[in-house]
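Structure file coords.json; described as JSON, C-alpha atoms.
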[["chain", "number", "residue", "atom", "x", "y", "z"],
["A", 24, "MET", "CA", 81.14, 34.70, -282.18],
["A", 25, "VAL", "CA", 78.47, 37.25, -282.93],
["A", 26, "GLU", "CA", 78.86, 39.19, -286.16],
["A", 27, "PHE", "CA", 76.99, 42.37, -287.10],
["A", 28, "PHE", "CA", 76.34, 43.53, -290.65],
["A", 29, "THR", "CA", 74.80, 46.93, -291.40],
["A", 30, "ILE", "CA", 72.59, 47.37, -294.45],
["A", 31, "LYS", "CA", 72.48, 50.72, -296.21],
["A", 32, "THR", "CA", 69.24, 51.50, -298.08],
["A", 33, "ARG", "CA", 67.55, 54.24, -299.98],
["A", 34, "VAL", "CA", 65.95, 56.90, -297.78],
["A", 35, "LEU", "CA", 62.39, 56.15, -296.68],
["A", 36, "VAL", "CA", 60.54, 59.43, -297.01],
["A", 37, "PRO", "CA", 57.83, 60.67, -294.61],
["A", 38, "PRO", "CA", 54.91, 60.86, -294.31],
["A", 39, "LYS", "CA", 54.56, 57.35, -295.81],
["A", 40, "ASP", "CA", 56.76, 54.97, -297.76],
["A", 41, "ASP", "CA", 56.82, 51.27, -298.64],
["A", 42, "LEU", "CA", 59.10, 49.34, -296.31],
["A", 43, "PHE", "CA", 58.59, 46.02, -298.08],
["A", 44, "SER", "CA", 60.00, 47.34, -301.33],
["A", 45, "VAL", "CA", 63.12, 48.41, -299.43],
["A", 46, "LEU", "CA", 63.38, 45.02, -297.72],
["A", 47, "ASP", "CA", 63.03, 43.33, -301.10],
["A", 48, "GLU", "CA", 65.77, 45.32, -302.78],
["A", 49, "SER", "CA", 68.17, 45.60, -299.81],
["A", 50, "VAL", "CA", 67.89, 42.56, -297.53],
["A", 51, "SER", "CA", 69.16, 39.31, -299.02],
["A", 52, "GLY", "CA", 71.51, 36.52, -298.03],
["A", 53, "LEU", "CA", 69.90, 35.92, -294.64],
["A", 54, "THR", "CA", 70.64, 32.53, -293.10],
["A", 55, "ASP", "CA", 68.89, 30.39, -290.51],
["A", 56, "GLY", "CA", 69.53, 31.78, -287.03],
["A", 57, "ASP", "CA", 69.98, 35.42, -288.07],
["A", 58, "ILE", "CA", 68.29, 38.25, -286.17],
["A", 59, "LEU", "CA", 67.39, 41.36, -288.16],
["A", 60, "LEU", "CA", 67.30, 44.65, -286.26],
["A", 61, "ILE", "CA", 65.03, 47.30, -287.80],
["A", 62, "ALA", "CA", 64.91, 50.98, -286.85],
["A", 63, "SER", "CA", 61.47, 51.73, -285.43],
["A", 64, "LYS", "CA", 61.40, 54.97, -287.43],
["A", 65, "VAL", "CA", 61.17, 53.17, -290.78],
["A", 66, "LEU", "CA", 58.35, 51.01, -289.40],
["A", 67, "ALA", "CA", 56.52, 54.20, -288.43],
["A", 68, "ILE", "CA", 57.05, 55.76, -291.85],
["A", 69, "HIS", "CA", 55.74, 52.57, -293.47],
["A", 70, "GLN", "CA", 52.58, 52.91, -291.36],
["A", 71, "GLY", "CA", 52.22, 56.62, -292.08],
["A", 72, "ARG", "CA", 52.70, 57.48, -288.41],
["A", 73, "CYS", "CA", 53.87, 60.98, -289.29],
["A", 74, "ILE", "CA", 52.36, 64.39, -288.50],
["A", 75, "LYS", "CA", 53.36, 67.51, -290.41],
["A", 76, "LYS", "CA", 55.08, 70.05, -288.21],
["A", 77, "GLY", "CA", 52.91, 73.09, -287.54],
["A", 78, "GLU", "CA", 49.60, 71.26, -287.94],
["A", 79, "VAL", "CA", 49.50, 70.03, -284.33],
["A", 80, "ASP", "CA", 51.35, 71.26, -281.25],
["A", 81, "LYS", "CA", 54.21, 68.90, -280.41],
["A", 82, "LEU", "CA", 53.41, 68.90, -276.70],
["A", 83, "ASN", "CA", 49.87, 67.75, -277.46],
["A", 84, "ILE", "CA", 51.22, 64.88, -279.54],
["A", 85, "ILE", "CA", 53.60, 63.86, -276.75],
["A", 86, "GLN", "CA", 50.76, 63.87, -274.23],
["A", 87, "GLN", "CA", 48.38, 61.96, -276.48],
["A", 88, "GLU", "CA", 50.96, 59.32, -277.33],
["A", 89, "ALA", "CA", 52.19, 58.78, -273.76],
["A", 90, "ASP", "CA", 51.01, 56.05, -271.46],
["A", 91, "VAL", "CA", 52.50, 57.99, -268.53],
["A", 92, "VAL", "CA", 54.09, 61.44, -268.30],
["A", 93, "PHE", "CA", 56.40, 62.28, -265.41],
["A", 94, "GLY", "CA", 56.03, 65.90, -264.35],
["A", 95, "PRO", "CA", 54.75, 68.63, -266.67],
["A", 96, "VAL", "CA", 54.56, 67.96, -270.40],
["A", 97, "ALA", "CA", 57.60, 69.63, -271.94],
["A", 98, "ASP", "CA", 60.10, 69.15, -274.73],
["A", 99, "PRO", "CA", 61.94, 67.03, -273.73],
["A", 100, "CYS", "CA", 60.16, 65.11, -270.99],
["A", 101, "VAL", "CA", 60.28, 61.61, -269.52],
["A", 102, "THR", "CA", 57.43, 59.30, -270.49],
["A", 103, "ILE", "CA", 56.44, 55.67, -270.50],
["A", 104, "LYS", "CA", 55.38, 54.33, -273.88],
["A", 105, "ASP", "CA", 54.65, 50.66, -274.56],
["A", 106, "ARG", "CA", 56.08, 49.65, -271.16],
["A", 107, "ALA", "CA", 59.40, 51.43, -271.66],
["A", 108, "PHE", "CA", 60.96, 54.67, -270.46],
["A", 109, "VAL", "CA", 61.43, 56.88, -273.52],
["A", 110, "PRO", "CA", 61.74, 60.63, -274.08],
["A", 111, "ASN", "CA", 58.75, 62.46, -275.56],
["A", 112, "SER", "CA", 56.63, 59.29, -276.03],
["A", 113, "GLY", "CA", 58.97, 58.41, -278.90],
["A", 114, "VAL", "CA", 57.93, 61.49, -280.91],
["A", 115, "ASP", "CA", 60.96, 62.51, -282.98],
["A", 116, "GLU", "CA", 61.86, 65.22, -285.48],
["A", 117, "SER", "CA", 65.25, 63.95, -286.66],
["A", 118, "ASN", "CA", 65.29, 62.75, -290.27],
["A", 119, "GLY", "CA", 61.60, 63.65, -290.41],
["A", 120, "CYS", "CA", 61.75, 65.98, -293.43],
["A", 121, "GLY", "CA", 59.32, 68.44, -291.82],
["A", 122, "TYR", "CA", 57.28, 65.79, -289.96],
["A", 123, "TYR", "CA", 57.06, 64.50, -286.43],
["A", 124, "ILE", "CA", 57.57, 60.74, -286.54],
["A", 125, "LEU", "CA", 55.67, 58.77, -283.91],
["A", 126, "TRP", "CA", 56.35, 55.28, -282.63],
["A", 127, "PRO", "CA", 54.78, 52.59, -284.82],
["A", 128, "ARG", "CA", 51.60, 50.83, -283.69],
["A", 129, "ASP", "CA", 50.81, 47.10, -283.47],
["A", 130, "VAL", "CA", 54.49, 46.42, -283.95],
["A", 131, "GLY", "CA", 54.26, 42.69, -283.26],
["A", 132, "ASP", "CA", 51.82, 42.25, -286.15],
["A", 133, "LEU", "CA", 54.04, 44.21, -288.53],
["A", 134, "LEU", "CA", 57.14, 42.27, -287.48],
["A", 135, "SER", "CA", 55.21, 39.04, -288.10],
["A", 136, "GLU", "CA", 54.50, 40.19, -291.69],
["A", 137, "ILE", "CA", 58.15, 41.09, -292.19],
["A", 138, "HIS", "CA", 59.20, 37.72, -290.78],
["A", 139, "SER", "CA", 56.98, 35.83, -293.24],
["A", 140, "PHE", "CA", 58.16, 37.98, -296.16],
["A", 141, "LEU", "CA", 61.88, 37.56, -295.43],
["A", 142, "CYS", "CA", 61.69, 33.85, -294.58],
["A", 143, "LYS", "CA", 60.02, 33.20, -297.92],
["A", 144, "LYS", "CA", 62.41, 35.47, -299.82],
["A", 145, "ASN", "CA", 65.52, 33.91, -298.26],
["A", 146, "ARG", "CA", 64.12, 30.35, -297.98],
["A", 147, "ILE", "CA", 64.84, 30.07, -294.28],
["A", 148, "LYS", "CA", 62.83, 29.06, -291.22],
["A", 149, "ASN", "CA", 64.53, 30.42, -288.09],
["A", 150, "LEU", "CA", 64.69, 34.21, -288.18],
["A", 151, "GLY", "CA", 64.36, 36.83, -285.48],
["A", 152, "ILE", "CA", 63.02, 40.33, -286.13],
["A", 153, "LEU", "CA", 63.69, 43.14, -283.65],
["A", 154, "SER", "CA", 62.39, 46.71, -283.69],
["A", 155, "VAL", "CA", 64.88, 49.11, -282.09],
["A", 156, "ASP", "CA", 65.07, 52.77, -281.14],
["A", 157, "SER", "CA", 67.50, 54.97, -279.21],
["A", 158, "ARG", "CA", 67.09, 56.48, -275.76],
["A", 159, "VAL", "CA", 69.15, 57.99, -272.97],
["A", 160, "LEU", "CA", 69.86, 56.43, -269.57],
["A", 161, "PRO", "CA", 69.62, 58.16, -266.18],
["A", 162, "MET", "CA", 72.90, 59.78, -265.12],
["A", 163, "ARG", "CA", 74.56, 58.92, -268.44],
["A", 164, "THR", "CA", 75.43, 61.01, -271.49],
["A", 165, "GLY", "CA", 74.59, 59.83, -275.00],
["A", 166, "THR", "CA", 72.15, 57.38, -276.53],
["A", 167, "VAL", "CA", 71.90, 53.61, -276.37],
["A", 168, "GLY", "CA", 69.50, 51.29, -278.15],
["A", 169, "ILE", "CA", 66.32, 49.79, -276.77],
["A", 170, "SER", "CA", 64.14, 47.04, -278.18],
["A", 171, "GLN", "CA", 60.57, 48.05, -278.90],
["A", 172, "ALA", "CA", 59.18, 44.68, -279.97],
["A", 173, "SER", "CA", 60.37, 41.36, -281.34],
["A", 174, "PHE", "CA", 59.10, 38.40, -283.32],
["A", 175, "GLY", "CA", 60.42, 34.96, -284.14],
["A", 176, "PHE", "CA", 62.63, 34.33, -281.11],
["A", 177, "VAL", "CA", 62.45, 34.16, -277.32],
["A", 178, "PRO", "CA", 63.85, 37.53, -276.20],
["A", 179, "VAL", "CA", 65.00, 36.39, -272.74],
["A", 180, "SER", "CA", 67.37, 33.56, -271.86],
["A", 181, "SER", "CA", 67.05, 32.23, -268.30],
["A", 182, "CYS", "CA", 70.09, 31.32, -266.22],
["A", 183, "ILE", "CA", 67.96, 30.26, -263.25],
["A", 184, "GLY", "CA", 69.14, 26.91, -261.88],
["A", 185, "GLU", "CA", 72.54, 27.13, -263.54],
["A", 186, "LYS", "CA", 75.63, 27.30, -261.34],
["A", 187, "ASP", "CA", 78.12, 30.13, -261.13],
["A", 188, "LEU", "CA", 81.91, 29.75, -261.10],
["A", 189, "PHE", "CA", 81.86, 28.50, -257.52],
["A", 190, "GLY", "CA", 78.90, 26.14, -257.79],
["A", 191, "ARG", "CA", 76.28, 28.48, -256.36],
["A", 192, "PRO", "CA", 72.91, 28.03, -258.13],
["A", 193, "MET", "CA", 71.59, 31.23, -259.67],
["A", 194, "ARG", "CA", 68.10, 32.25, -258.55],
["A", 195, "ILE", "CA", 67.05, 35.30, -260.62],
["A", 196, "SER", "CA", 69.55, 35.91, -263.42],
["A", 197, "GLN", "CA", 68.13, 36.17, -266.93],
["A", 198, "VAL", "CA", 69.74, 37.62, -270.06],
["A", 199, "ASN", "CA", 67.64, 40.15, -272.00],
["A", 200, "ILE", "CA", 68.80, 39.16, -275.49],
["A", 201, "ALA", "CA", 66.58, 41.70, -277.24],
["A", 202, "ASP", "CA", 67.89, 44.74, -275.38],
["A", 203, "CYS", "CA", 71.47, 43.45, -275.45],
["A", 204, "LEU", "CA", 71.31, 43.40, -279.24],
["A", 205, "ALA", "CA", 69.36, 46.66, -279.47],
["A", 206, "GLY", "CA", 71.91, 48.43, -277.28],
["A", 207, "ILE", "CA", 74.49, 48.53, -280.06],
["A", 208, "SER", "CA", 72.08, 49.83, -282.72],
["A", 209, "PRO", "CA", 72.84, 53.60, -282.45],
["A", 210, "LEU", "CA", 76.54, 52.84, -282.85],
["A", 211, "LEU", "CA", 76.07, 50.76, -286.00],
["A", 212, "MET", "CA", 73.00, 52.42, -287.56],
["A", 213, "GLY", "CA", 74.09, 55.93, -286.68],
["A", 214, "GLU", "CA", 71.88, 58.80, -285.60],
["A", 215, "GLY", "CA", 72.29, 61.13, -288.58],
["A", 216, "SER", "CA", 72.44, 60.73, -292.36],
["A", 217, "GLU", "CA", 73.85, 57.19, -292.51],
["A", 218, "SER", "CA", 70.63, 55.61, -293.87],
["A", 219, "CYS", "CA", 71.41, 52.19, -292.35],
["A", 220, "PRO", "CA", 68.06, 51.14, -290.83],
["A", 221, "PHE", "CA", 68.87, 47.41, -290.77],
["A", 222, "ILE", "CA", 71.44, 45.35, -288.89],
["A", 223, "VAL", "CA", 71.91, 41.59, -289.24],
["A", 224, "ALA", "CA", 73.11, 39.88, -286.05],
["A", 225, "ARG", "CA", 74.59, 36.47, -286.88],
["A", 226, "GLY", "CA", 75.83, 33.79, -284.51],
["A", 227, "VAL", "CA", 73.95, 34.86, -281.38],
["A", 228, "ALA", "CA", 74.29, 31.92, -279.00],
["A", 229, "GLY", "CA", 71.47, 30.35, -277.03],
["A", 230, "VAL", "CA", 68.58, 31.79, -279.04],
["A", 231, "GLN", "CA", 65.35, 29.83, -279.23],
["A", 232, "PHE", "CA", 63.28, 30.52, -282.33],
["A", 233, "TYR", "CA", 59.49, 30.32, -282.46],
["A", 234, "LEU", "CA", 56.62, 31.87, -284.41],
["A", 235, "LYS", "CA", 55.45, 34.32, -281.76],
["A", 236, "ALA", "CA", 55.93, 37.91, -280.70],
["A", 237, "GLY", "CA", 58.43, 38.31, -277.87],
["A", 238, "ASP", "CA", 57.43, 39.29, -274.35],
["A", 239, "LEU", "CA", 59.66, 41.28, -272.00],
["A", 240, "SER", "CA", 56.92, 42.25, -269.54],
["A", 241, "ILE", "CA", 57.48, 41.90, -265.80],
["A", 242, "SER", "CA", 55.07, 42.14, -262.89],
["A", 243, "SER", "CA", 55.30, 45.10, -260.50],
["A", 244, "GLU", "CA", 56.11, 42.64, -257.68],
["A", 245, "GLN", "CA", 59.21, 41.50, -259.56],
["A", 246, "ASP", "CA", 60.18, 44.89, -260.99],
["A", 247, "LEU", "CA", 63.10, 46.41, -259.09],
["A", 248, "PHE", "CA", 62.04, 49.90, -260.17],
["A", 249, "SER", "CA", 58.35, 49.71, -259.27],
["A", 250, "GLN", "CA", 59.02, 51.60, -256.04],
["A", 251, "PHE", "CA", 60.00, 54.65, -258.07],
["A", 252, "LEU", "CA", 56.80, 54.59, -260.13],
["A", 253, "GLU", "CA", 54.35, 54.97, -257.24],
["A", 254, "ASN", "CA", 54.13, 58.76, -257.67],
["A", 255, "LYS", "CA", 53.91, 58.66, -261.45],
["A", 256, "LYS", "CA", 51.67, 61.20, -263.12],
["A", 257, "ALA", "CA", 49.28, 59.92, -265.80],
["A", 258, "PRO", "CA", 48.51, 62.17, -268.76],
["A", 259, "THR", "CA", 45.12, 63.88, -268.82],
["A", 260, "SER", "CA", 44.49, 62.28, -272.21],
["A", 261, "GLY", "CA", 46.24, 59.34, -273.81],
["A", 262, "ALA", "CA", 46.43, 57.28, -276.95]]

How does this structure look as C-alpha cells?
Amino acid sequence: MVEFFTIKTRVLVPPKDDLFSVLDESVSGLTDGDILLIASKVLAIHQGRCIKKGEVDKLNIIQQEADVVFGPVADPCVTIKDRAFVPNSGVDESNGCGYYILWPRDVGDLLSEIHSFLCKKNRIKNLGILSVDSRVLPMRTGTVGISQASFGFVPVSSCIGEKDLFGRPMRISQVNIADCLAGISPLLMGEGSESCPFIVARGVAGVQFYLKAGDLSISSEQDLFSQFLENKKAPTSGA
C-alpha cells in the first residue's frame, strides 16, 4: 500500500534561497524505496529563476520561456514547455512575494545533486526524486499535478506482453508512474500558504531504481495527440 507523507518547511523566499539547507533541516527518516516529490517552485527559487514584477513585461517572459505558444501570447495562454502542456510557460506569480517565478532549468542535474545529498544524509541507496508542478486539463475544472523531471527511478512501467483478466496479451499499455504520483501533489502540498513543498511516497510497487534522469519522451509517430499539434504556432523568440 502506498503511503504519502507531507513535509512542512520554512518558507523559501524569492528571488533566491538555499534549498539544501531546507532539505537538511526538514527531510529525514527516508528509507530505501522512497520517492520524494519536490515542488518545482522551490527548485526555481533555489536557482534564482525569479524576475521582479514591473522590471519586465510578463507577456515577454512567457514568450521567451515558451517552446511553443498556441495562439496569441496572453495571460493566461496555452504553451509547451519542456515537452509538456503548461499555462504561461510555467511563469507564476503565486507565492512569489513580488516576483515572477519561472520553471527551473537543467532540472535533471539539480535532482541528481539532491539525490546524492539525501542518500548520503539518510544512508540509503534506492531513492527517487520527482519535480512536480500543477496544471489544468482540457475540459476540466481545477488543477492536477504534473511531473517536470525525475531522477533515480524508471518513470514508466511497461505492461506490454502481460495478459489481461481474460488472457489477452497487452500490446501498448504502460503506466506513467511519475505523473501518477505527481497528480496528487496539489491536493497534498496545497496551492496557497501551506508551505509543504515536499511529499514522501512510500511503498510504490513495481519501481525500478537506477542512477539516471527519467525519460518520458515519446515520438510523434507514437503520440496520440500529435495530430492536434500540426498547426501549432512557434513563438517569435524563445529561450

(request) Could you please determine the separation between atom CA of Pro161 of chain A and atom CA of Cys100 of chain A in Å, to one decimal place? (result) 12.7 Å

(request) Would you mind telling me which residue in A:Val159, A:Ala89, A:Ala205, A:Leu66 lies nearest to Val130 of chain A when using all atoms listed in the file? (result) A:Leu66

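We find atom CA of Arg158 of chain A and atom CA of Cys182 of chain A to be spaced 27.1 Å apart.
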
(message) Restricting the calculation to only C-alpha atoms: of A:Asp187, A:Glu217, A:Glu244, A:Asp105, which residue gets closest to Ile169 of chain A?
(response)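 Closest residue, counting only C-alpha atoms: A:Asp105.
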
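You can rank A:Pro99, A:Gly121, A:Gly237, A:Gly52 by their closest distance to Ile74 of chain A using all atoms listed in the file, and at the top of that list sits A:Gly121.
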
(message) At a cut-off of 8 Å, using only C-alpha atoms, what residues contact Leu42 of chain A? Leave out same-chain residues fewer than 2 positions from it and give the result as a list in words.
(response)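 Everything that qualifies: Leu35, Asp40, Ser44, Val45, Leu46, Val65, Leu66 and His69 of chain A.
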
(request) In the coordinate frame of the file, compute which residues have an atom within 8 Å of (64.2, 43.3, -274.4) when using all atoms listed in the file, and state them as JSON, numbers by chain. (result) {"A": [169, 170, 171, 172, 178, 179, 199, 200, 201, 202, 203, 205, 238, 239]}

Contacts of Arg146 of chain A within 10 Å, all atoms listed in the file, excl. fewer than 3 positions in-chain, as a PDB file with C-alpha atoms, keeping the file's coordinate frame:
ATOM      1  CA  GLY A  52      71.510  36.520-298.030  1.00  0.00           C
ATOM      2  CA  LEU A  53      69.900  35.920-294.640  1.00  0.00           C
ATOM      3  CA  THR A  54      70.640  32.530-293.100  1.00  0.00           C
ATOM      4  CA  ASP A  55      68.890  30.390-290.510  1.00  0.00           C
ATOM      5  CA  PHE A 140      58.160  37.980-296.160  1.00  0.00           C
ATOM      6  CA  LEU A 141      61.880  37.560-295.430  1.00  0.00           C
ATOM      7  CA  CYS A 142      61.690  33.850-294.580  1.00  0.00           C
ATOM      8  CA  LYS A 143      60.020  33.200-297.920  1.00  0.00           C
ATOM      9  CA  ASN A 149      64.530  30.420-288.090  1.00  0.00           C
TER      10      ASN A 149
END

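Comparing the minimum interatomic distances between Val223 of chain A and each of A:Ser117, A:Thr32, A:Ser112, A:Ser51, counting only C-alpha atoms, we find that A:Ser51 sits nearest.
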
(message) From the options A:Arg225, A:Lys104, A:Arg33, A:Lys144, which residue's atoms come nearest to Asp57 of chain A, counting all atoms listed in the file?
(response)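 Distance minimum relative to Asp57 of chain A lands on A:Arg225.
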
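You will find atom CA of Gln86 of chain A at 8.2 Å from atom CA of Asn111 of chain A.
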
(request) Can you work out which one of A:Leu133, A:Leu211, A:Ala236, A:Leu247 has the shortest atom-to-atom distance to Lys31 of chain A, counting only C-alpha atoms? (result)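 Of A:Leu133, A:Leu211, A:Ala236, A:Leu247, the one nearest Lys31 of chain A is A:Leu211, counting only C-alpha atoms.
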
Would you mind putting back N, CA, C and O atoms on segment 148-169 of chain A, then writing it out as a compact mmCIF listing (two decimals), in the frame of the given file?
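See part-v4.txt below for the written result:
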# COMPACT_ATOMS: atom_id res chain seq x y z
N LYS A 148 63.90 29.31 -292.18
CA LYS A 148 62.83 29.06 -291.22
C LYS A 148 63.04 29.83 -289.92
O LYS A 148 62.10 30.44 -289.39
N ASN A 149 64.24 29.79 -289.38
CA ASN A 149 64.53 30.42 -288.09
C ASN A 149 65.10 31.82 -288.29
O ASN A 149 66.26 31.97 -288.71
N LEU A 150 64.29 32.82 -287.99
CA LEU A 150 64.69 34.21 -288.18
C LEU A 150 64.07 35.05 -287.08
O LEU A 150 62.89 34.91 -286.77
N GLY A 151 64.87 35.89 -286.47
CA GLY A 151 64.36 36.83 -285.48
C GLY A 151 64.25 38.22 -286.07
O GLY A 151 65.09 38.63 -286.88
N ILE A 152 63.20 38.93 -285.70
CA ILE A 152 63.02 40.33 -286.13
C ILE A 152 62.90 41.18 -284.88
O ILE A 152 62.14 40.85 -283.96
N LEU A 153 63.64 42.29 -284.84
CA LEU A 153 63.69 43.14 -283.65
C LEU A 153 63.56 44.60 -284.04
O LEU A 153 64.34 45.10 -284.86
N SER A 154 62.55 45.27 -283.49
CA SER A 154 62.39 46.71 -283.69
C SER A 154 63.18 47.45 -282.62
O SER A 154 63.05 47.15 -281.42
N VAL A 155 64.00 48.42 -283.04
CA VAL A 155 64.88 49.11 -282.09
C VAL A 155 64.75 50.62 -282.24
O VAL A 155 64.42 51.15 -283.30
N ASP A 156 65.03 51.31 -281.14
CA ASP A 156 65.07 52.77 -281.14
C ASP A 156 66.20 53.18 -280.21
O ASP A 156 66.83 52.33 -279.56
N SER A 157 66.45 54.47 -280.11
CA SER A 157 67.50 54.97 -279.21
C SER A 157 66.87 55.73 -278.05
O SER A 157 65.76 56.28 -278.18
N ARG A 158 67.53 55.74 -276.93
CA ARG A 158 67.09 56.48 -275.76
C ARG A 158 68.30 56.86 -274.93
O ARG A 158 69.43 56.43 -275.21
N VAL A 159 68.09 57.64 -273.90
CA VAL A 159 69.15 57.99 -272.97
C VAL A 159 68.89 57.27 -271.64
O VAL A 159 67.77 56.89 -271.34
N LEU A 160 69.95 57.09 -270.87
CA LEU A 160 69.86 56.43 -269.57
C LEU A 160 70.05 57.46 -268.45
O LEU A 160 70.78 58.44 -268.63
N PRO A 161 69.42 57.25 -267.30
CA PRO A 161 69.62 58.16 -266.18
C PRO A 161 71.09 58.26 -265.80
O PRO A 161 71.80 57.25 -265.75
N MET A 162 71.54 59.50 -265.58
CA MET A 162 72.90 59.78 -265.12
C MET A 162 73.99 59.36 -266.12
O MET A 162 75.13 59.12 -265.76
N ARG A 163 73.60 59.26 -267.39
CA ARG A 163 74.56 58.92 -268.44
C ARG A 163 74.37 59.85 -269.63
O ARG A 163 73.24 60.24 -269.95
N THR A 164 75.48 60.17 -270.30
CA THR A 164 75.43 61.01 -271.49
C THR A 164 75.39 60.13 -272.74
O THR A 164 76.09 59.12 -272.81
N GLY A 165 74.61 60.53 -273.73
CA GLY A 165 74.59 59.83 -275.00
C GLY A 165 73.47 58.80 -275.08
O GLY A 165 72.83 58.46 -274.08
N THR A 166 73.24 58.32 -276.29
CA THR A 166 72.15 57.38 -276.53
C THR A 166 72.62 55.93 -276.55
O THR A 166 73.78 55.64 -276.89
N VAL A 167 71.71 55.05 -276.19
CA VAL A 167 71.90 53.61 -276.37
C VAL A 167 70.62 53.08 -277.01
O VAL A 167 69.60 53.76 -277.05
N GLY A 168 70.68 51.86 -277.50
CA GLY A 168 69.50 51.29 -278.15
C GLY A 168 68.58 50.61 -277.16
O GLY A 168 68.99 50.17 -276.08
N ILE A 169 67.31 50.51 -277.54
CA ILE A 169 66.32 49.79 -276.77
C ILE A 169 65.43 49.01 -277.73
O ILE A 169 65.13 49.49 -278.82
